[in-house]
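K.L.:
Structure file data28.pdb (PDB, C-alpha atoms) is given on the next line.
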```pdb
ATOM      1  CA  MET A 259     122.896 105.246  17.517
ATOM      2  CA  LYS A 260     122.783 103.186  14.335
ATOM      3  CA  ARG A 261     125.373 100.741  15.712
ATOM      4  CA  PHE A 262     123.437 100.434  18.967
ATOM      5  CA  LEU A 263     120.235  99.711  17.054
ATOM      6  CA  ILE A 264     121.930  97.010  14.970
ATOM      7  CA  PHE A 265     123.455  95.480  18.117
ATOM      8  CA  PHE A 266     120.056  95.491  19.826
ATOM      9  CA  ILE A 267     118.351  93.792  16.850
ATOM     10  CA  LEU A 268     121.052  91.105  16.613
ATOM     11  CA  THR A 269     120.926  90.456  20.359
ATOM     12  CA  PHE A 270     117.137  90.221  20.354
ATOM     13  CA  THR A 271     117.192  87.846  17.373
ATOM     14  CA  LEU A 272     119.760  85.619  19.113
ATOM     15  CA  VAL A 273     117.712  85.464  22.314
ATOM     16  CA  VAL A 274     114.587  84.532  20.367
ATOM     17  CA  ALA A 275     116.473  81.840  18.448
ATOM     18  CA  ILE A 276     117.874  80.307  21.636
ATOM     19  CA  ALA A 277     114.443  80.302  23.246
ATOM     20  CA  ALA A 278     112.945  78.630  20.189
ATOM     21  CA  CYS A 279     115.525  75.842  20.393
ATOM     22  CA  ASN A 280     115.010  75.303  24.107
ATOM     23  CA  PRO A 281     112.050  73.005  24.806
ATOM     24  CA  SER A 282     111.818  74.052  28.439
ATOM     25  CA  ALA A 283     111.442  77.681  27.408
ATOM     26  CA  ASN A 284     108.403  76.807  25.324
ATOM     27  CA  ASN A 285     106.774  74.403  27.759
ATOM     28  CA  THR A 286     104.159  76.811  29.078
ATOM     29  CA  THR A 287     101.060  74.882  28.073
ATOM     30  CA  GLY A 288     101.858  71.347  29.200
ATOM     31  CA  ASP A 289     102.796  69.276  32.230
ATOM     32  CA  ILE A 290     104.747  66.516  30.467
ATOM     33  CA  VAL A 291     107.147  66.763  27.508
ATOM     34  CA  VAL A 292     107.209  63.579  25.405
ATOM     35  CA  ALA A 293     109.862  63.292  22.705
ATOM     36  CA  SER A 294     110.610  60.847  19.933
ATOM     37  CA  LYS A 295     113.627  60.015  17.826
ATOM     38  CA  ASP A 296     113.918  60.796  14.151
ATOM     39  CA  PHE A 297     112.142  58.008  12.268
ATOM     40  CA  THR A 298     108.565  56.859  11.617
ATOM     41  CA  GLU A 299     108.288  54.183  14.303
ATOM     42  CA  GLN A 300     109.394  56.707  16.891
ATOM     43  CA  ASP A 301     106.821  59.202  15.599
ATOM     44  CA  ILE A 302     104.170  56.554  16.253
ATOM     45  CA  LEU A 303     105.497  55.526  19.667
ATOM     46  CA  GLY A 304     105.855  59.117  20.828
ATOM     47  CA  GLU A 305     102.272  59.827  19.838
ATOM     48  CA  LEU A 306     101.159  56.573  21.483
ATOM     49  CA  LEU A 307     102.769  57.602  24.748
ATOM     50  CA  ALA A 308     101.313  61.112  24.533
ATOM     51  CA  GLN A 309      97.753  59.965  23.761
ATOM     52  CA  GLN A 310      97.863  57.343  26.517
ATOM     53  CA  ILE A 311      98.917  59.926  29.086
ATOM     54  CA  GLU A 312      96.322  62.437  27.928
ATOM     55  CA  ALA A 313      93.532  59.866  27.890
ATOM     56  CA  THR A 314      94.214  58.299  31.287
ATOM     57  CA  THR A 315      95.247  61.348  33.317
ATOM     58  CA  ASN A 316      94.429  65.043  33.510
ATOM     59  CA  LEU A 317      97.971  65.942  32.451
ATOM     60  CA  LYS A 318      98.663  68.006  29.356
ATOM     61  CA  VAL A 319     101.354  66.722  27.031
ATOM     62  CA  VAL A 320     103.777  68.725  24.915
ATOM     63  CA  ARG A 321     105.083  66.714  21.969
ATOM     64  CA  ARG A 322     108.672  66.958  20.703
ATOM     65  CA  PRO A 323     108.708  64.735  17.606
ATOM     66  CA  ARG A 324     111.872  64.083  15.608
ATOM     67  CA  LEU A 325     114.060  65.474  18.367
ATOM     68  CA  GLY A 326     117.086  63.538  17.144
ATOM     69  CA  GLY A 327     118.948  60.287  17.692
ATOM     70  CA  SER A 328     119.483  58.329  20.897
ATOM     71  CA  PHE A 329     122.246  60.557  22.227
ATOM     72  CA  VAL A 330     120.262  63.734  21.606
ATOM     73  CA  CYS A 331     117.202  62.356  23.413
ATOM     74  CA  HIS A 332     119.306  61.004  26.272
ATOM     75  CA  ASN A 333     121.052  64.333  26.824
ATOM     76  CA  ALA A 334     117.726  66.164  26.595
ATOM     77  CA  ILE A 335     116.086  64.008  29.274
ATOM     78  CA  LEU A 336     119.115  64.336  31.538
ATOM     79  CA  ALA A 337     118.897  68.122  31.175
ATOM     80  CA  GLY A 338     115.179  68.061  32.003
ATOM     81  CA  LYS A 339     114.219  69.457  28.606
ATOM     82  CA  ILE A 340     112.032  66.407  27.980
ATOM     83  CA  ASP A 341     110.350  64.048  30.451
ATOM     84  CA  ALA A 342     109.880  60.806  28.543
ATOM     85  CA  TYR A 343     110.672  58.980  25.311
ATOM     86  CA  ILE A 344     110.798  55.413  24.010
ATOM     87  CA  GLU A 345     114.241  53.823  23.869
ATOM     88  CA  TYR A 346     115.466  50.373  22.844
ATOM     89  CA  THR A 347     117.228  48.377  25.562
ATOM     90  CA  GLY A 348     120.202  47.285  23.450
ATOM     91  CA  THR A 349     120.734  50.845  22.236
ATOM     92  CA  ALA A 350     120.761  52.217  25.782
ATOM     93  CA  PHE A 351     122.921  49.379  27.110
ATOM     94  CA  THR A 352     125.660  49.433  24.478
ATOM     95  CA  GLY A 353     125.281  52.900  22.957
ATOM     96  CA  ILE A 354     124.564  55.082  26.004
ATOM     97  CA  LEU A 355     126.195  53.037  28.784
ATOM     98  CA  LYS A 356     129.015  51.653  26.591
ATOM     99  CA  GLN A 357     128.526  48.150  28.011
ATOM    100  CA  LYS A 358     129.564  45.021  26.159
ATOM    101  CA  ALA A 359     126.689  43.403  24.293
ATOM    102  CA  VAL A 360     124.669  40.791  26.208
ATOM    103  CA  ASN A 361     122.228  38.486  24.429
ATOM    104  CA  ASP A 362     119.892  37.761  27.365
ATOM    105  CA  PRO A 363     116.980  40.283  27.276
ATOM    106  CA  LYS A 364     116.236  39.893  31.013
ATOM    107  CA  VAL A 365     119.841  40.534  32.018
ATOM    108  CA  VAL A 366     120.036  43.603  29.786
ATOM    109  CA  TYR A 367     116.784  45.017  31.152
ATOM    110  CA  GLU A 368     117.654  44.504  34.821
ATOM    111  CA  LYS A 369     121.139  45.976  34.463
ATOM    112  CA  LEU A 370     119.794  48.881  32.457
ATOM    113  CA  LYS A 371     117.084  49.580  35.011
ATOM    114  CA  GLN A 372     119.563  49.513  37.888
ATOM    115  CA  ILE A 373     122.193  51.731  36.252
ATOM    116  CA  TYR A 374     119.671  54.272  34.920
ATOM    117  CA  ASP A 375     118.192  54.540  38.407
ATOM    118  CA  GLN A 376     121.491  54.998  40.227
ATOM    119  CA  LYS A 377     123.363  57.059  37.656
ATOM    120  CA  PHE A 378     120.696  59.158  35.946
ATOM    121  CA  LYS A 379     117.613  59.078  38.193
ATOM    122  CA  LEU A 380     115.659  57.756  35.212
ATOM    123  CA  GLU A 381     112.961  55.069  35.359
ATOM    124  CA  VAL A 382     113.181  52.252  32.830
ATOM    125  CA  MET A 383     109.575  51.111  32.430
ATOM    126  CA  PRO A 384     108.498  47.592  31.312
ATOM    127  CA  SER A 385     108.773  46.797  27.606
ATOM    128  CA  LEU A 386     105.927  47.664  25.246
ATOM    129  CA  GLY A 387     106.064  44.041  24.107
ATOM    130  CA  PHE A 388     108.175  44.011  20.962
ATOM    131  CA  GLU A 389     111.802  44.097  19.943
ATOM    132  CA  ASN A 390     113.083  46.228  17.086
ATOM    133  CA  THR A 391     116.526  44.974  16.275
ATOM    134  CA  PHE A 392     118.813  46.159  13.523
ATOM    135  CA  ALA A 393     118.034  44.457  10.224
ATOM    136  CA  MET A 394     120.658  44.129   7.519
ATOM    137  CA  VAL A 395     118.584  44.419   4.378
ATOM    138  CA  ILE A 396     119.277  43.678   0.712
ATOM    139  CA  ARG A 397     117.095  43.608  -2.381
ATOM    140  CA  GLY A 398     114.893  40.537  -2.632
ATOM    141  CA  GLU A 399     116.107  39.886  -6.162
ATOM    142  CA  ASP A 400     119.723  39.709  -4.953
ATOM    143  CA  ALA A 401     118.795  37.340  -2.132
ATOM    144  CA  LYS A 402     117.216  34.998  -4.670
ATOM    145  CA  LYS A 403     119.938  35.421  -7.282
ATOM    146  CA  TYR A 404     122.778  34.545  -4.911
ATOM    147  CA  ASN A 405     120.734  32.348  -2.558
ATOM    148  CA  ILE A 406     121.640  34.530   0.436
ATOM    149  CA  GLN A 407     119.839  34.121   3.746
ATOM    150  CA  THR A 408     122.428  34.965   6.411
ATOM    151  CA  LEU A 409     125.059  37.569   7.150
ATOM    152  CA  SER A 410     127.747  34.882   7.022
ATOM    153  CA  GLN A 411     126.761  34.092   3.431
ATOM    154  CA  VAL A 412     126.745  37.728   2.288
ATOM    155  CA  ALA A 413     130.392  38.350   3.227
ATOM    156  CA  GLN A 414     131.681  36.942  -0.068
ATOM    157  CA  TYR A 415     129.601  39.453  -2.070
ATOM    158  CA  THR A 416     130.127  42.698  -0.118
ATOM    159  CA  PRO A 417     133.564  43.473  -1.680
ATOM    160  CA  GLN A 418     131.627  44.274  -4.873
ATOM    161  CA  TRP A 419     128.753  46.023  -3.054
ATOM    162  CA  ARG A 420     128.074  49.435  -1.554
ATOM    163  CA  GLY A 421     126.725  49.900   1.949
ATOM    164  CA  GLY A 422     124.404  52.657   3.143
ATOM    165  CA  PHE A 423     123.978  53.265   6.882
ATOM    166  CA  GLY A 424     122.782  55.911   9.310
ATOM    167  CA  TYR A 425     125.403  57.947  11.189
ATOM    168  CA  GLU A 426     124.660  56.323  14.550
ATOM    169  CA  PHE A 427     124.973  52.811  13.139
ATOM    170  CA  LEU A 428     128.415  53.645  11.765
ATOM    171  CA  GLU A 429     129.577  55.058  15.101
ATOM    172  CA  ARG A 430     127.884  52.903  17.741
ATOM    173  CA  GLU A 431     129.573  50.127  19.699
ATOM    174  CA  ASP A 432     126.819  47.727  18.632
ATOM    175  CA  GLY A 433     126.810  49.032  15.063
ATOM    176  CA  PHE A 434     128.831  48.572  11.906
ATOM    177  CA  PRO A 435     132.410  48.346  13.270
ATOM    178  CA  GLY A 436     131.640  45.311  15.424
ATOM    179  CA  LEU A 437     129.343  43.786  12.803
ATOM    180  CA  ALA A 438     132.005  44.087  10.093
ATOM    181  CA  LYS A 439     134.553  42.414  12.357
ATOM    182  CA  THR A 440     132.205  39.597  13.365
ATOM    183  CA  TYR A 441     131.208  38.735   9.795
ATOM    184  CA  ASP A 442     134.304  40.018   7.950
ATOM    185  CA  LEU A 443     132.208  42.446   5.906
ATOM    186  CA  ARG A 444     134.191  44.554   3.452
ATOM    187  CA  PHE A 445     132.654  46.884   0.882
ATOM    188  CA  SER A 446     133.980  48.264  -2.392
ATOM    189  CA  LYS A 447     134.269  51.669  -0.695
ATOM    190  CA  SER A 448     133.545  53.179   2.714
ATOM    191  CA  PRO A 449     129.815  52.864   3.557
ATOM    192  CA  GLN A 450     127.762  55.906   2.667
ATOM    193  CA  ILE A 451     126.237  57.907   5.540
ATOM    194  CA  MET A 452     122.517  58.199   4.813
ATOM    195  CA  ASP A 453     119.366  59.660   6.305
ATOM    196  CA  LEU A 454     117.271  56.838   7.758
ATOM    197  CA  GLY A 455     114.258  58.002   5.774
ATOM    198  CA  LEU A 456     116.093  57.470   2.473
ATOM    199  CA  ILE A 457     117.828  54.130   2.915
ATOM    200  CA  TYR A 458     115.150  51.918   1.361
ATOM    201  CA  ARG A 459     114.639  54.227  -1.599
ATOM    202  CA  ALA A 460     118.398  54.201  -2.216
ATOM    203  CA  LEU A 461     118.406  50.393  -1.984
ATOM    204  CA  VAL A 462     115.518  49.956  -4.425
ATOM    205  CA  GLN A 463     117.082  52.456  -6.853
ATOM    206  CA  LYS A 464     120.368  50.507  -6.628
ATOM    207  CA  GLN A 465     122.368  53.422  -5.274
ATOM    208  CA  VAL A 466     123.496  51.051  -2.510
ATOM    209  CA  ASP A 467     123.325  47.270  -2.119
ATOM    210  CA  MET A 468     122.910  46.718   1.611
ATOM    211  CA  VAL A 469     121.448  48.942   4.330
ATOM    212  CA  ALA A 470     120.877  48.803   8.071
ATOM    213  CA  GLY A 471     117.165  49.122   8.718
ATOM    214  CA  ASN A 472     114.900  48.069  11.561
ATOM    215  CA  SER A 473     113.186  44.694  11.875
ATOM    216  CA  THR A 474     109.750  46.314  12.318
ATOM    217  CA  ASP A 475     109.980  48.604   9.278
ATOM    218  CA  GLY A 476     106.776  48.386   7.268
ATOM    219  CA  GLN A 477     108.569  49.022   3.982
ATOM    220  CA  ILE A 478     110.575  45.793   4.073
ATOM    221  CA  THR A 479     107.650  43.607   3.030
ATOM    222  CA  ARG A 480     106.008  46.258   0.867
ATOM    223  CA  LEU A 481     109.153  46.745  -1.252
ATOM    224  CA  GLY A 482     109.996  43.043  -1.499
ATOM    225  CA  LEU A 483     113.253  43.365   0.418
ATOM    226  CA  ALA A 484     115.092  40.609   2.260
ATOM    227  CA  VAL A 485     116.368  40.661   5.858
ATOM    228  CA  LEU A 486     119.585  38.728   6.426
ATOM    229  CA  LYS A 487     119.635  36.464   9.474
ATOM    230  CA  ASP A 488     122.072  37.423  12.229
ATOM    231  CA  ASP A 489     123.285  33.828  12.448
ATOM    232  CA  LYS A 490     126.137  34.626  14.871
ATOM    233  CA  GLN A 491     123.774  36.573  17.162
ATOM    234  CA  TYR A 492     125.844  39.739  17.032
ATOM    235  CA  PHE A 493     123.071  42.168  17.905
ATOM    236  CA  PRO A 494     121.860  42.437  21.518
ATOM    237  CA  PRO A 495     118.106  42.572  22.372
ATOM    238  CA  TYR A 496     116.354  45.825  21.473
ATOM    239  CA  GLU A 497     113.095  45.882  23.425
ATOM    240  CA  ALA A 498     111.068  49.087  23.092
ATOM    241  CA  THR A 499     110.915  50.615  26.566
ATOM    242  CA  PRO A 500     109.656  53.944  27.953
ATOM    243  CA  ILE A 501     112.304  56.031  29.732
ATOM    244  CA  VAL A 502     110.871  58.568  32.192
ATOM    245  CA  ARG A 503     112.392  61.074  34.600
ATOM    246  CA  GLN A 504     111.869  59.938  38.189
ATOM    247  CA  GLU A 505     111.306  63.535  39.250
ATOM    248  CA  VAL A 506     108.231  63.824  37.056
ATOM    249  CA  LEU A 507     106.947  60.411  38.194
ATOM    250  CA  ASN A 508     107.162  61.578  41.801
ATOM    251  CA  LYS A 509     105.407  64.808  40.927
ATOM    252  CA  TYR A 510     102.591  63.048  39.052
ATOM    253  CA  PRO A 511     102.060  59.564  40.592
ATOM    254  CA  GLU A 512      99.271  58.781  38.106
ATOM    255  CA  LEU A 513     101.786  58.973  35.256
ATOM    256  CA  LYS A 514     103.498  55.684  36.104
ATOM    257  CA  SER A 515     100.299  53.629  36.054
ATOM    258  CA  ALA A 516      99.192  55.311  32.818
ATOM    259  CA  ILE A 517     102.408  54.353  31.022
ATOM    260  CA  ALA A 518     102.501  50.887  32.621
ATOM    261  CA  GLN A 519      99.187  50.049  30.925
ATOM    262  CA  LEU A 520     101.106  49.929  27.622
ATOM    263  CA  SER A 521     103.373  47.150  28.875
ATOM    264  CA  GLY A 522     103.296  44.107  26.592
ATOM    265  CA  LYS A 523     100.549  45.587  24.411
ATOM    266  CA  ILE A 524     102.404  45.765  21.066
ATOM    267  CA  SER A 525     103.777  42.768  19.191
ATOM    268  CA  ALA A 526     106.429  43.030  16.479
ATOM    269  CA  ASP A 527     103.809  42.232  13.808
ATOM    270  CA  GLU A 528     101.510  44.937  15.164
ATOM    271  CA  MET A 529     104.327  47.473  15.167
ATOM    272  CA  ARG A 530     105.238  46.539  11.616
ATOM    273  CA  GLN A 531     101.588  47.041  10.613
ATOM    274  CA  LEU A 532     101.433  50.438  12.329
ATOM    275  CA  ASN A 533     104.578  51.486  10.473
ATOM    276  CA  TYR A 534     103.060  50.320   7.198
ATOM    277  CA  LEU A 535      99.830  52.257   7.756
ATOM    278  CA  VAL A 536     101.822  55.455   8.180
ATOM    279  CA  GLU A 537     104.532  54.911   5.565
ATOM    280  CA  GLY A 538     102.728  52.705   3.053
ATOM    281  CA  GLU A 539      99.183  54.052   3.192
ATOM    282  CA  LEU A 540     100.151  57.563   4.303
ATOM    283  CA  ARG A 541      97.666  57.505   7.179
ATOM    284  CA  ASP A 542      97.684  60.253   9.787
ATOM    285  CA  ILE A 543      99.764  59.190  12.802
ATOM    286  CA  LYS A 544      97.336  60.536  15.386
ATOM    287  CA  GLU A 545      94.455  58.663  13.774
ATOM    288  CA  VAL A 546      96.450  55.414  13.502
ATOM    289  CA  VAL A 547      97.440  55.610  17.167
ATOM    290  CA  ARG A 548      93.915  56.473  18.261
ATOM    291  CA  GLU A 549      92.522  53.421  16.461
ATOM    292  CA  PHE A 550      95.205  51.166  17.920
ATOM    293  CA  LEU A 551      94.553  52.297  21.486
ATOM    294  CA  LYS A 552      90.849  51.737  20.936
ATOM    295  CA  SER A 553      91.463  48.228  19.580
ATOM    296  CA  LYS A 554      93.402  47.413  22.755
ATOM    297  CA  GLU A 555      90.704  48.969  24.948
ATOM    298  CA  LEU A 556      93.226  51.499  26.170
ATOM    299  CA  GLY A 557      92.934  55.223  26.614
ATOM    300  CA  SER A 558      89.460  56.497  25.849
ATOM    301  CA  ARG A 559      87.413  54.765  28.557
ATOM    302  CA  ARG A 560      89.843  55.555  31.364
ATOM    303  CA  GLY A 561      90.363  59.004  29.918
ATOM    304  CA  ALA A 562      86.670  59.753  30.137
ATOM    305  CA  GLU A 563      86.694  58.646  33.782
ATOM    306  CA  ALA A 564      89.731  60.779  34.556
ATOM    307  CA  ARG A 565      88.186  63.893  33.053
ATOM    308  CA  SER A 566      84.802  63.406  34.726
ATOM    309  CA  PHE A 567      86.161  64.347  38.153
TER
END
```
I need this file expressed as structure tokens, please.

P.N.:
Amino acid sequence: MKRFLIFFILTFTLVVAIAACNPSANNTTGDIVVASKDFTEQDILGELLAQQIEATTNLKVVRRPRLGGSFVCHNAILAGKIDAYIEYTGTAFTGILKQKAVNDPKVVYEKLKQIYDQKFKLEVMPSLGFENTFAMVIRGEDAKKYNIQTLSQVAQYTPQWRGGFGYEFLEREDGFPGLAKTYDLRFSKSPQIMDLGLIYRALVQKQVDMVAGNSTDGQITRLGLAVLKDDKQYFPPYEATPIVRQEVLNKYPELKSAIAQLSGKISADEMRQLNYLVEGELRDIKEVVREFLKSKELGSRRGAEARSF
């Protein structure tokens, strides 16, 4: 009897744990599941997408913030565990589809849209208006000391430096392996795998000497860091683009027009400012997003109309 009781408790605990990790099992209070990847900008964009949908439709949104990296989010949307998230075109094109990098943003977008439609039944929506490319970042004092402005110039110093990069950047086709080959970058030891939330702190504290950040990171200016120019144009375009399951768009036709209203509404400078408000001034993400939507005359007015019916 005692063994049976222990077995029952362990089985029950396992079932509960699996259910807790399964978004679809918990989605009992919402119509749409919106996810975001695991860094601040994605927190903001996920909330932006969720608030826009809530304000312009009668749909209820379940939020899945910090779900994981690109591959985690892609697998989740394919499995139907989430319905939408914001991806970057270059990431999807080279990282998910394993295509060779293309520098023309229009070509990348059209090919991505076509393949995602045919292969995954996913809709690639129009860009939000800004590009967030990888940014190879060093301390501002080092840039001045060595008069470094480009990645070609930094190659002569990296043998004495330490690199700090996120796991995906070290593994991706459009990440460090190709970059190192293009610019002949060699470090004093193998680059350190780091959490994206810690890279700038490690750089400022001189634990590492060069990191791979994002061009719209608010901390770059605030911390006096320097972004090295990709003078050989290694990185493909990375336009921020909503990815949505076609099944859910067919089920809720109003969803497509709601998301489309965000097209072209965010510039790189505006995204950098939003990131700074959250990371630099420690503002609440929901409040920051709400104010931004209001400044663009998005959300609230149409939301009031939608809910008045």

K.L.:
Show me, as a compact mmCIF listing (two decimals) with C-alpha atoms, in the frame of the given file, the residues that have an atom within 8 Å of range 525-537 of chain A when counting all atoms listed in the file, minus same-chain residues fewer than 2 positions from it.

P.N.:
```txt
# COMPACT_ATOMS: atom_id res chain seq x y z
CA THR A 298 108.56 56.86 11.62
CA GLU A 299 108.29 54.18 14.30
CA ILE A 302 104.17 56.55 16.25
CA GLY A 387 106.06 44.04 24.11
CA PHE A 388 108.18 44.01 20.96
CA GLU A 389 111.80 44.10 19.94
CA ASN A 390 113.08 46.23 17.09
CA THR A 474 109.75 46.31 12.32
CA ASP A 475 109.98 48.60 9.28
CA GLY A 476 106.78 48.39 7.27
CA GLN A 477 108.57 49.02 3.98
CA GLY A 522 103.30 44.11 26.59
CA LYS A 523 100.55 45.59 24.41
CA GLU A 539 99.18 54.05 3.19
CA LEU A 540 100.15 57.56 4.30
CA ARG A 541 97.67 57.50 7.18
CA ASP A 542 97.68 60.25 9.79
CA ILE A 543 99.76 59.19 12.80
CA VAL A 546 96.45 55.41 13.50
```

K.L.:
Tell me which residues the PyMOL selection byres ((chain A and resi 488-497) around 7) grabs here, as a VMD selection string.

P.N.:
chain A and resid 346 to 349 359 to 361 363 385 388 to 391 408 to 409 432 437 486 to 487 498 to 499

K.L.:
Tell me which protein, DNA and RNA residues are within 9 Å of range 305-308 of chain A, counting all atoms listed in the file, leaving out same-chain ones fewer than 6 positions away, and put them as a short mmCIF file (atom, residue, chain, number, x, y, z; two decimals) with C-alpha atoms, keeping the file's coordinate frame.

P.N.:
```cif
data_model
loop_
_atom_site.label_atom_id
_atom_site.label_comp_id
_atom_site.auth_asym_id
_atom_site.auth_seq_id
_atom_site.Cartn_x
_atom_site.Cartn_y
_atom_site.Cartn_z
CA ILE A 290 104.75 66.52 30.47
CA VAL A 291 107.15 66.76 27.51
CA VAL A 292 107.21 63.58 25.40
CA ALA A 293 109.86 63.29 22.70
CA SER A 294 110.61 60.85 19.93
CA LYS A 318 98.66 68.01 29.36
CA VAL A 319 101.35 66.72 27.03
CA VAL A 320 103.78 68.72 24.92
CA ARG A 321 105.08 66.71 21.97
CA PRO A 323 108.71 64.74 17.61
CA ALA A 342 109.88 60.81 28.54
CA TYR A 343 110.67 58.98 25.31
CA ILE A 344 110.80 55.41 24.01
CA PRO A 500 109.66 53.94 27.95
CA ILE A 517 102.41 54.35 31.02
CA LEU A 520 101.11 49.93 27.62
CA ILE A 543 99.76 59.19 12.80
CA LYS A 544 97.34 60.54 15.39
CA VAL A 547 97.44 55.61 17.17
CA ARG A 548 93.92 56.47 18.26
CA PHE A 550 95.20 51.17 17.92
CA LEU A 551 94.55 52.30 21.49
#
```

K.L.:
Evaluating the PyMOL selection byres ((chain A and resi 502) around 8) on the displayed file yields which residues, as a list in words?

P.N.:
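Matching residues under the PyMOL selection byres ((chain A and resi 502) around 8) are Asp341, Ala342, Tyr343, Leu380, Glu381, Val382, Met383, Pro500, Ile501, Arg503, Gln504, Val506 and Leu507 of chain A.
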
K.L.:
Of the residues A:Phe378, A:Gln357, A:Ile451, A:Leu513, which is the one nearest to Phe423 in chain A, using all atoms listed in the file?

P.N.:
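Of A:Phe378, A:Gln357, A:Ile451, A:Leu513, the one nearest Phe423 in chain A, counting all atoms listed in the file, is A:Ile451.
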
K.L.:
List the spatial neighbours of Pro435 in chain A as a PDB file with C-alpha atoms, in the frame of the given file - criterion: any atom at most 12 Å away, only C-alpha atoms, same-chain residues fewer than 5 positions off excluded.

P.N.:
```pdb
ATOM      1  CA  PHE A 423     123.978  53.265   6.882  1.00  0.00           C
ATOM      2  CA  GLU A 426     124.660  56.323  14.550  1.00  0.00           C
ATOM      3  CA  PHE A 427     124.973  52.811  13.139  1.00  0.00           C
ATOM      4  CA  LEU A 428     128.415  53.645  11.765  1.00  0.00           C
ATOM      5  CA  GLU A 429     129.577  55.058  15.101  1.00  0.00           C
ATOM      6  CA  ARG A 430     127.884  52.903  17.741  1.00  0.00           C
ATOM      7  CA  THR A 440     132.205  39.597  13.365  1.00  0.00           C
ATOM      8  CA  TYR A 441     131.208  38.735   9.795  1.00  0.00           C
ATOM      9  CA  ASP A 442     134.304  40.018   7.950  1.00  0.00           C
ATOM     10  CA  LEU A 443     132.208  42.446   5.906  1.00  0.00           C
ATOM     11  CA  ARG A 444     134.191  44.554   3.452  1.00  0.00           C
ATOM     12  CA  SER A 448     133.545  53.179   2.714  1.00  0.00           C
ATOM     13  CA  PRO A 449     129.815  52.864   3.557  1.00  0.00           C
ATOM     14  CA  TYR A 492     125.844  39.739  17.032  1.00  0.00           C
TER      15      TYR A 492
END
```

K.L.:
Between CA of Ile524 in chain A and CA of Gln309 in chain A, what is the spacing in Å?

P.N.:
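One can read the CA of Gln309 in chain A to CA of Ile524 in chain A distance as 15.2 Å.
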
K.L.:
Just the number, please: distance in Å from CA of Lys358 in chain A to CA of Leu336 in chain A, one decimal.

P.N.:
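Here the two named atoms are 22.6 Å from each other.
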
K.L.:
Between A:Ile373, A:Val485, A:Ala313, A:Leu454, which residue has the minimum interatomic distance to Ile354 in chain A, considering all atoms listed in the file?

P.N.:
A:Ile373

K.L.:
Measure the distance from CA of Ala350 in chain A to CA of Gly304 in chain A in Å and round it to one decimal.

P.N.:
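Computed distance, CA of Ala350 in chain A to CA of Gly304 in chain A, equals 17.2 Å.
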
K.L.:
Let me know the residues the PyMOL selection byres ((chain A and resi 412) around 10) catches in the file above, as a list in words.

P.N.:
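When the PyMOL selection byres ((chain A and resi 412) around 10) is applied, the selected residues are Ile396, Ala401, Tyr404, Asn405, Ile406, Gln407, Thr408, Leu409, Ser410, Gln411, Ala413, Gln414, Tyr415, Thr416, Pro417, Tyr441, Asp442, Leu443, Met468 and Leu486 of chain A.
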